[in-house]
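Have a look at protein_5.txt below; it lists compact mmCIF, C-alpha atoms and all ligand atoms.
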# COMPACT_ATOMS: atom_id res chain seq x y z
CA MET A 1 79.72 100.04 124.03
CA LYS A 2 80.57 103.73 123.90
CA GLU A 3 78.83 105.85 121.24
CA ILE A 4 82.09 107.47 120.22
CA ALA A 5 83.33 104.10 118.95
CA GLU A 6 80.72 104.33 116.18
CA GLY A 7 82.26 105.37 112.90
CA SER A 8 85.81 104.76 114.12
CA LEU A 9 88.08 102.09 112.69
CA LEU A 10 89.84 101.44 115.97
CA TYR A 11 88.79 102.63 119.38
CA LEU A 12 90.73 102.12 122.59
CA ASP A 13 89.26 103.52 125.78
CA ASN A 14 90.92 103.55 129.19
CA VAL A 15 92.88 100.35 128.53
CA HIS A 16 95.03 98.92 131.33
CA ARG A 17 97.49 96.05 131.36
CA ALA A 18 99.94 95.24 134.12
CA PHE A 19 102.74 92.65 134.17
CA ASP A 20 103.57 91.53 137.73
CA GLY A 21 102.21 94.81 139.07
CA PHE A 22 104.07 96.96 136.51
CA LYS A 23 101.57 99.09 134.56
CA ALA A 24 102.77 98.71 130.96
CA ILE A 25 99.48 100.17 129.64
CA ASN A 26 97.87 102.60 132.02
CA GLY A 27 94.66 104.32 130.92
CA LEU A 28 95.38 104.31 127.19
CA SER A 29 92.72 105.86 124.94
CA LEU A 30 93.10 106.29 121.19
CA VAL A 31 90.71 106.67 118.25
CA LEU A 32 91.70 105.94 114.65
CA ALA A 33 89.38 107.10 111.86
CA PRO A 34 88.69 104.90 108.81
CA GLY A 35 91.38 105.53 106.18
CA GLU A 36 93.69 107.24 108.64
CA MET A 37 97.43 106.65 108.98
CA ARG A 38 98.80 107.36 112.46
CA ALA A 39 102.37 107.40 113.74
CA ILE A 40 103.01 106.26 117.32
CA ILE A 41 106.18 107.44 119.00
CA GLY A 42 107.43 107.33 122.57
CA PRO A 43 110.55 106.47 124.55
CA ASN A 44 111.63 102.88 125.24
CA GLY A 45 109.17 101.10 127.50
CA ALA A 46 106.33 103.56 126.74
CA GLY A 47 104.01 100.66 125.89
CA LYS A 48 104.01 100.81 122.09
CA THR A 49 104.61 97.11 121.54
CA THR A 50 102.16 96.14 124.28
CA MET A 51 99.53 98.35 122.62
CA MET A 52 100.05 96.50 119.31
CA ASP A 53 99.91 93.18 121.19
CA ILE A 54 96.57 94.19 122.69
CA ILE A 55 95.07 95.24 119.34
CA THR A 56 96.16 91.98 117.69
CA GLY A 57 94.98 89.76 120.55
CA LYS A 58 98.45 88.59 121.57
CA THR A 59 97.95 90.21 124.98
CA LYS A 60 94.62 90.68 126.76
CA PRO A 61 93.99 93.96 128.57
CA ASP A 62 93.06 93.80 132.26
CA THR A 63 90.35 96.42 131.72
CA GLY A 64 89.22 98.83 129.00
CA ASP A 65 87.53 98.77 125.59
CA VAL A 66 89.24 97.76 122.34
CA ILE A 67 86.76 98.06 119.49
CA PHE A 68 87.28 97.48 115.76
CA GLU A 69 85.06 99.13 113.13
CA GLY A 70 82.73 100.52 115.77
CA LYS A 71 81.29 97.15 116.72
CA VAL A 72 83.72 94.27 117.26
CA ASP A 73 85.06 93.85 120.80
CA LEU A 74 88.59 92.67 120.06
CA THR A 75 89.19 91.58 123.65
CA ARG A 76 86.82 88.66 123.02
CA HIS A 77 88.81 87.30 120.09
CA ASP A 78 92.11 85.45 119.75
CA GLU A 79 95.03 86.33 117.48
CA ALA A 80 93.94 84.16 114.54
CA GLU A 81 90.39 85.52 114.59
CA ILE A 82 91.64 89.09 114.70
CA ALA A 83 94.00 88.46 111.77
CA ASN A 84 91.06 87.01 109.81
CA MET A 85 89.00 90.11 110.54
CA GLY A 86 91.53 92.12 108.55
CA ILE A 87 94.08 93.37 111.07
CA GLY A 88 97.56 92.64 109.68
CA ARG A 89 100.77 93.09 111.61
CA LYS A 90 104.27 93.62 110.34
CA PHE A 91 106.90 92.81 112.93
CA GLN A 92 110.27 94.50 112.97
CA LYS A 93 112.26 91.58 111.55
CA PRO A 94 111.39 90.49 108.00
CA THR A 95 110.26 86.87 107.73
CA VAL A 96 110.07 86.27 103.98
CA PHE A 97 110.76 82.84 102.48
CA GLU A 98 114.38 83.33 101.42
CA SER A 99 114.57 80.37 99.03
CA HIS A 100 111.48 81.48 97.05
CA THR A 101 111.27 84.23 94.47
CA VAL A 102 109.67 87.58 95.22
CA ALA A 103 106.58 86.71 93.14
CA ASP A 104 106.30 83.25 94.76
CA ASN A 105 106.37 84.83 98.21
CA LEU A 106 103.38 86.97 97.22
CA GLU A 107 101.60 83.98 95.70
CA LEU A 108 102.10 82.02 98.94
CA ALA A 109 100.67 84.94 100.90
CA LEU A 110 97.60 85.06 98.63
CA ARG A 111 97.11 81.33 99.13
CA ALA A 112 97.51 81.57 102.89
CA ARG A 113 94.45 83.77 102.84
CA ARG A 114 92.38 80.96 101.32
CA GLY A 115 93.41 78.41 103.93
CA PRO A 116 95.36 75.15 103.54
CA PHE A 117 92.60 72.98 102.04
CA ALA A 118 91.68 75.41 99.27
CA THR A 119 95.38 75.89 98.61
CA LEU A 120 95.89 72.22 97.75
CA LEU A 121 93.13 72.16 95.15
CA HIS A 122 93.54 75.59 93.75
CA GLN A 123 95.41 76.88 90.73
CA THR A 124 96.40 80.50 90.70
CA THR A 125 93.78 82.45 88.75
CA LYS A 126 94.21 85.36 86.37
CA ALA A 127 92.75 87.67 89.03
CA GLU A 128 95.38 86.48 91.48
CA PHE A 129 98.23 86.98 89.00
CA ASP A 130 96.89 90.49 88.38
CA ARG A 131 96.81 91.13 92.11
CA ILE A 132 100.44 89.96 92.40
CA ASP A 133 101.42 92.39 89.60
CA GLU A 134 99.57 95.17 91.36
CA ILE A 135 101.30 94.50 94.70
CA LEU A 136 104.70 94.28 92.96
CA GLU A 137 104.03 97.76 91.57
CA THR A 138 102.97 99.09 94.98
CA ILE A 139 106.09 97.76 96.70
CA ARG A 140 108.28 98.77 93.72
CA LEU A 141 109.70 95.26 93.20
CA THR A 142 108.33 94.53 89.72
CA ALA A 143 111.83 94.42 88.24
CA ARG A 144 112.89 91.92 90.91
CA ARG A 145 109.90 89.61 90.75
CA ASP A 146 112.04 86.58 89.78
CA TRP A 147 114.82 87.24 92.27
CA LEU A 148 115.22 84.92 95.21
CA ALA A 149 114.11 86.80 98.31
CA ALA A 150 117.47 85.90 99.89
CA ASN A 151 119.17 88.23 97.38
CA LEU A 152 117.10 91.31 98.25
CA SER A 153 118.49 94.12 100.40
CA HIS A 154 117.18 94.45 103.96
CA GLY A 155 114.86 97.28 102.87
CA GLN A 156 113.52 95.31 99.91
CA LYS A 157 112.77 92.35 102.19
CA GLN A 158 110.77 94.66 104.43
CA TRP A 159 108.79 95.91 101.42
CA LEU A 160 108.18 92.35 100.26
CA GLU A 161 106.84 91.44 103.66
CA ILE A 162 104.55 94.47 103.59
CA GLY A 163 103.41 93.23 100.16
CA MET A 164 102.69 89.80 101.65
CA LEU A 165 100.48 91.47 104.23
CA LEU A 166 98.71 93.45 101.50
CA ALA A 167 97.93 90.15 99.75
CA GLN A 168 95.71 89.39 102.70
CA GLU A 169 93.71 92.59 102.10
CA PRO A 170 93.90 93.94 105.66
CA ARG A 171 91.62 96.81 106.62
CA LEU A 172 94.11 97.88 109.25
CA LEU A 173 97.85 97.43 108.96
CA LEU A 174 100.05 97.67 112.07
CA VAL A 175 103.70 98.26 111.29
CA ASP A 176 106.41 98.00 113.94
CA GLU A 177 109.62 100.00 113.38
CA PRO A 178 109.74 99.45 109.61
CA VAL A 179 112.84 101.53 108.90
CA ALA A 180 115.18 100.17 111.58
CA GLY A 181 118.42 99.22 109.80
CA MET A 182 117.45 100.88 106.51
CA THR A 183 119.54 103.31 104.47
CA ASP A 184 118.29 106.91 104.13
CA ASP A 185 117.03 106.21 100.60
CA GLU A 186 115.20 103.08 101.74
CA THR A 187 113.69 105.03 104.63
CA ALA A 188 112.34 107.68 102.25
CA GLU A 189 111.02 104.98 99.91
CA THR A 190 109.29 103.25 102.84
CA ALA A 191 107.51 106.47 103.80
CA ALA A 192 106.32 106.81 100.19
CA LEU A 193 105.19 103.16 100.20
CA LEU A 194 103.16 103.57 103.38
CA ARG A 195 101.58 106.74 102.01
CA ARG A 196 100.50 104.79 98.91
CA ILE A 197 99.08 102.01 101.08
CA ALA A 198 97.26 104.49 103.31
CA LYS A 199 95.14 105.58 100.33
CA THR A 200 93.23 102.30 100.62
CA GLN A 201 94.00 100.94 104.09
CA SER A 202 94.27 102.35 107.59
CA VAL A 203 97.79 102.15 108.98
CA VAL A 204 99.35 102.45 112.44
CA VAL A 205 103.14 102.86 112.39
CA VAL A 206 105.34 102.62 115.48
CA GLU A 207 108.70 104.22 114.83
CA HIS A 208 111.61 105.90 116.61
CA ASP A 209 113.09 107.51 113.48
CA MET A 210 111.83 111.11 113.45
CA THR A 211 113.02 111.84 109.91
CA PHE A 212 110.80 109.03 108.74
CA VAL A 213 107.86 110.16 110.90
CA ARG A 214 108.21 113.63 109.36
CA GLU A 215 108.13 112.12 105.87
CA LEU A 216 104.91 110.28 106.70
CA GLY A 217 103.29 113.66 107.35
CA VAL A 218 100.50 112.28 109.55
CA LYS A 219 99.07 112.86 113.01
CA VAL A 220 101.41 111.64 115.74
CA THR A 221 100.50 110.07 119.09
CA VAL A 222 103.15 110.21 121.80
CA LEU A 223 102.96 107.38 124.34
CA HIS A 224 104.60 107.62 127.74
CA GLU A 225 104.23 105.26 130.70
CA GLY A 226 101.36 103.44 129.03
CA SER A 227 99.11 106.34 128.10
CA VAL A 228 98.88 109.20 125.60
CA LEU A 229 101.10 112.13 126.51
CA ALA A 230 100.37 114.28 123.45
CA GLU A 231 98.75 114.07 120.04
CA GLY A 232 98.95 116.28 116.94
CA SER A 233 101.30 117.16 114.09
CA LEU A 234 104.96 116.23 114.57
CA ASP A 235 105.82 119.93 114.89
CA ALA A 236 103.16 120.43 117.55
CA VAL A 237 104.14 117.42 119.66
CA SER A 238 107.86 118.04 119.34
CA SER A 239 107.48 121.58 120.69
CA ASN A 240 105.26 120.36 123.54
CA PRO A 241 107.19 120.90 126.84
CA LYS A 242 105.88 117.62 128.32
CA VAL A 243 107.17 115.69 125.30
CA ILE A 244 110.54 117.46 125.36
CA GLU A 245 110.94 116.64 129.03
CA VAL A 246 110.18 112.94 128.50
CA TYR A 247 112.64 112.63 125.61
CA LEU A 248 115.40 114.69 127.23
CA GLY A 249 114.96 112.86 130.52
CA ARG A 250 115.73 109.47 128.97
N1 LIG B 301 105.20 90.06 128.75
C1 LIG B 301 105.72 90.97 129.57
N2 LIG B 301 106.09 90.65 130.81
C2 LIG B 301 106.62 91.57 131.65
N3 LIG B 301 106.81 92.86 131.31
C3 LIG B 301 106.47 93.24 130.08
C4 LIG B 301 105.91 92.33 129.14
N4 LIG B 301 105.66 93.00 128.00
C5 LIG B 301 106.06 94.27 128.21
N5 LIG B 301 106.53 94.42 129.46
C6 LIG B 301 107.04 95.67 130.05
O1 LIG B 301 106.14 96.71 129.74
C7 LIG B 301 106.84 97.92 129.44
C8 LIG B 301 106.37 98.45 128.09
O2 LIG B 301 106.99 97.66 127.10
P1 LIG B 301 106.74 97.84 125.54
O3 LIG B 301 107.59 96.80 124.89
O4 LIG B 301 105.30 97.83 125.24
O5 LIG B 301 107.34 99.29 125.29
P2 LIG B 301 107.75 99.95 123.90
O6 LIG B 301 107.19 101.33 123.94
O7 LIG B 301 107.37 99.09 122.77
O8 LIG B 301 109.32 100.04 124.03
P3 LIG B 301 110.47 99.93 122.89
O9 LIG B 301 110.45 101.24 122.18
O10 LIG B 301 111.70 99.73 123.70
O11 LIG B 301 110.14 98.76 122.01
C9 LIG B 301 108.31 97.61 129.49
O12 LIG B 301 108.83 98.08 130.72
C10 LIG B 301 108.36 96.10 129.41
O13 LIG B 301 109.46 95.59 130.13
Take the structure in the file and give it back as structure tokens.
Ligand SMILES: Nc1ncnc2c1ncn2[C@@H]1O[C@H](COP(=O)(O)OP(=O)(O)OP(=O)(O)O)[C@@H](O)[C@H]1O
Amino acid sequence: MKEIAEGSLLYLDNVHRAFDGFKAINGLSLVLAPGEMRAIIGPNGAGKTTMMDIITGKTKPDTGDVIFEGKVDLTRHDEAEIANMGIGRKFQKPTVFESHTVADNLELALRARRGPFATLLHQTTKAEFDRIDEILETIRLTARRDWLAANLSHGQKQWLEIGMLLAQEPRLLLVDEPVAGMTDDETAETAALLRRIAKTQSVVVVEHDMTFVRELGVKVTVLHEGSVLAEGSLDAVSSNPKVIEVYLGR
């Protein structure tokens, strides 16, 4: 294991993955520090989703290192094990339980963490109710705690799902295009929400919406053809001639 992985939260080194000869990930290296939030951008087909799939164990790399918290080789673990280690993933489409209330959705997520057997025997404790209140505050849905999830707006459903992930206390949260389909106000609120979350958890956000990426105010990694094209502030990468060429050449 490489020394540089020590002290990092997530460490990818020279990762490759081909599908039928097509190199979706092609020499990808990326280091995320503990407590860091990072935005990942890149044109369609750049490999963003495949990168998330590799981190979460959905896809195995052909070669390369993928190391969590400086010591765990993620390529040796399956999706369920990686989720249990504290890597949570938010997919683009919200998958809340529509016929349950907002608070019940969070309670179910807390229970899922304990496993099905414990869930059967267990009554929700004061600590768990407190945690639900805390998450409701974080996702700004306290006033809607007794609403059916079905009646929430698209943006509110996304926040609830992020809250359900928080219930599982992830150490790293991967978020895939969270603001697709959101209003401008919801987009701004989502950036604020992720900034609040990033005070206690590391976050990787894949997003096409540059207004949102600017509001996040974090280091940006630009992927192109399966590897890192540029890295730095949004201003720095968006004035980088290589990045401009890739985006204009779409
Ligand atoms: N399971 C698979 N089988 C075959 N090809 C795949 C598979 N998964 C991804 N690819 C290919 O790998 C390339 C990278 O895809 P990926 O979805 O990772 O890009 P992306 O950056 O997430 O793009 P987008 O912004 O459009 O979501 C694409 O050309 C895609 O067709």
Near-Asp65 in chain A list (10 Å; only C-alpha atoms; drop same-chain fewer than 6 positions) as an MDAnalysis selection string: chainID A and resid 1:2 5 11:16 28:29 73:75
Per-residue nearest contacts of chain A to ligand LIG 301 (chain B) (8 Å; only C-alpha atoms and all ligand atoms) as CSV:
residue,atom,partner,partner_atom,distance
A:Ala18,CA,B:LIG301,O1,7.7
A:Phe19,CA,B:LIG301,C2,4.8
A:Asp20,CA,B:LIG301,C2,6.8
A:Phe22,CA,B:LIG301,O1,7.1
A:Lys23,CA,B:LIG301,O1,7.1
A:Ala24,CA,B:LIG301,O1,4.1
A:Ile25,CA,B:LIG301,C8,7.3
A:Ile41,CA,B:LIG301,O6,7.9
A:Gly42,CA,B:LIG301,O6,6.2
A:Pro43,CA,B:LIG301,O9,5.7
A:Asn44,CA,B:LIG301,O10,3.5
A:Gly45,CA,B:LIG301,O5,3.4
A:Ala46,CA,B:LIG301,O6,3.7
A:Gly47,CA,B:LIG301,O4,3.2
A:Lys48,CA,B:LIG301,O6,3.7
A:Thr49,CA,B:LIG301,O7,3.6
A:Thr50,CA,B:LIG301,O4,3.7
A:Met51,CA,B:LIG301,O4,6.4
A:His208,CA,B:LIG301,O9,7.4
A:Leu223,CA,B:LIG301,O6,7.4
A:His224,CA,B:LIG301,O6,7.8
A:Glu225,CA,B:LIG301,C8,7.6
A:Gly226,CA,B:LIG301,C8,7.1
Those residues you just picked out, can you put them in a file as a PDB file, in the frame of the given file with C-alpha atoms?
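Saved to again10.pdb:
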ATOM      1  CA  ALA A  18      99.940  95.240 134.120  1.00  0.00           C
ATOM      2  CA  PHE A  19     102.740  92.650 134.170  1.00  0.00           C
ATOM      3  CA  ASP A  20     103.570  91.530 137.730  1.00  0.00           C
ATOM      4  CA  PHE A  22     104.070  96.960 136.510  1.00  0.00           C
ATOM      5  CA  LYS A  23     101.570  99.090 134.560  1.00  0.00           C
ATOM      6  CA  ALA A  24     102.770  98.710 130.960  1.00  0.00           C
ATOM      7  CA  ILE A  25      99.480 100.170 129.640  1.00  0.00           C
ATOM      8  CA  ILE A  41     106.180 107.440 119.000  1.00  0.00           C
ATOM      9  CA  GLY A  42     107.430 107.330 122.570  1.00  0.00           C
ATOM     10  CA  PRO A  43     110.550 106.470 124.550  1.00  0.00           C
ATOM     11  CA  ASN A  44     111.630 102.880 125.240  1.00  0.00           C
ATOM     12  CA  GLY A  45     109.170 101.100 127.500  1.00  0.00           C
ATOM     13  CA  ALA A  46     106.330 103.560 126.740  1.00  0.00           C
ATOM     14  CA  GLY A  47     104.010 100.660 125.890  1.00  0.00           C
ATOM     15  CA  LYS A  48     104.010 100.810 122.090  1.00  0.00           C
ATOM     16  CA  THR A  49     104.610  97.110 121.540  1.00  0.00           C
ATOM     17  CA  THR A  50     102.160  96.140 124.280  1.00  0.00           C
ATOM     18  CA  MET A  51      99.530  98.350 122.620  1.00  0.00           C
ATOM     19  CA  HIS A 208     111.610 105.900 116.610  1.00  0.00           C
ATOM     20  CA  LEU A 223     102.960 107.380 124.340  1.00  0.00           C
ATOM     21  CA  HIS A 224     104.600 107.620 127.740  1.00  0.00           C
ATOM     22  CA  GLU A 225     104.230 105.260 130.700  1.00  0.00           C
ATOM     23  CA  GLY A 226     101.360 103.440 129.030  1.00  0.00           C
TER      24      GLY A 226
END
Å distance separating CA of Ala39 in chain A from CA of Asp133 in chain A, one decimal place: 28.4 Å
Neighbour list for Thr138 in chain A as a PyMOL selection string, cut-off 10 Å, all atoms listed in the file, skip fewer than 6 positions in-chain: chain A and resi 132+159+162-163+166+192-194+196-197
Straight-line distance linking CA of Met37 in chain A with CA of Val218 in chain A, stated in Å to one decimal: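 Between these atoms lies a distance of 6.4 Å.
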For Phe212 in chain A, the nearest of the candidates A:Leu172, A:Met182, A:Ala83, A:Ala127, counting only C-alpha atoms: A:Met182
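The protein and nucleic acid residues lying at most 7 Å from Ala167 in chain A are Leu106, Ala109, Leu110, Gly163 and Met164 of chain A, with all atoms listed in the file considered and sequence neighbours fewer than 3 positions away removed.
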Non-local contacts of Thr221 in chain A (9 Å; only C-alpha atoms; under 2 positions in same chain excluded) as a PyMOL selection string: chain A and resi 30+38-42+219+223+228-234+237
Can I get the selected residues back with C-alpha atoms, as a PDB file, in the coordinates of the input?
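Okay, this is what ended up in selection.pdb:
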ATOM      1  CA  LEU A  30      93.100 106.290 121.190  1.00  0.00           C
ATOM      2  CA  ARG A  38      98.800 107.360 112.460  1.00  0.00           C
ATOM      3  CA  ALA A  39     102.370 107.400 113.740  1.00  0.00           C
ATOM      4  CA  ILE A  40     103.010 106.260 117.320  1.00  0.00           C
ATOM      5  CA  ILE A  41     106.180 107.440 119.000  1.00  0.00           C
ATOM      6  CA  GLY A  42     107.430 107.330 122.570  1.00  0.00           C
ATOM      7  CA  LYS A 219      99.070 112.860 113.010  1.00  0.00           C
ATOM      8  CA  LEU A 223     102.960 107.380 124.340  1.00  0.00           C
ATOM      9  CA  VAL A 228      98.880 109.200 125.600  1.00  0.00           C
ATOM     10  CA  LEU A 229     101.100 112.130 126.510  1.00  0.00           C
ATOM     11  CA  ALA A 230     100.370 114.280 123.450  1.00  0.00           C
ATOM     12  CA  GLU A 231      98.750 114.070 120.040  1.00  0.00           C
ATOM     13  CA  GLY A 232      98.950 116.280 116.940  1.00  0.00           C
ATOM     14  CA  SER A 233     101.300 117.160 114.090  1.00  0.00           C
ATOM     15  CA  LEU A 234     104.960 116.230 114.570  1.00  0.00           C
ATOM     16  CA  VAL A 237     104.140 117.420 119.660  1.00  0.00           C
TER      17      VAL A 237
END
d(CA of Thr95 in chain A, CA of Thr142 in chain A) in Å: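 Distance reported for this atom pair: 19.7 Å.
With distances restricted to only C-alpha atoms, A:Gln158 is the closest residue to Phe91 in chain A from A:Asn105, A:Asn151, A:Thr211, A:Gln158.
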Pick from A:Val96, A:Leu141, A:Ala33, A:Leu10, whichever lies nearest to Ala198 in chain A using all atoms listed in the file: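 Between A:Val96, A:Leu141, A:Ala33, A:Leu10, the residue approaching Ala198 in chain A most closely is A:Ala33.
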Among the residues A:Glu69, A:Glu245, A:Asp53, A:Asp104, the one that comes closest to Trp147 in chain A [using all atoms listed in the file]: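 Closest candidate: A:Asp104.
Of the listed residues A:Lys93, A:Ala236, A:Ile135, A:Lys58, the one whose atoms come nearest to Val179 in chain A is A:Lys93, with distances taken using all atoms listed in the file.
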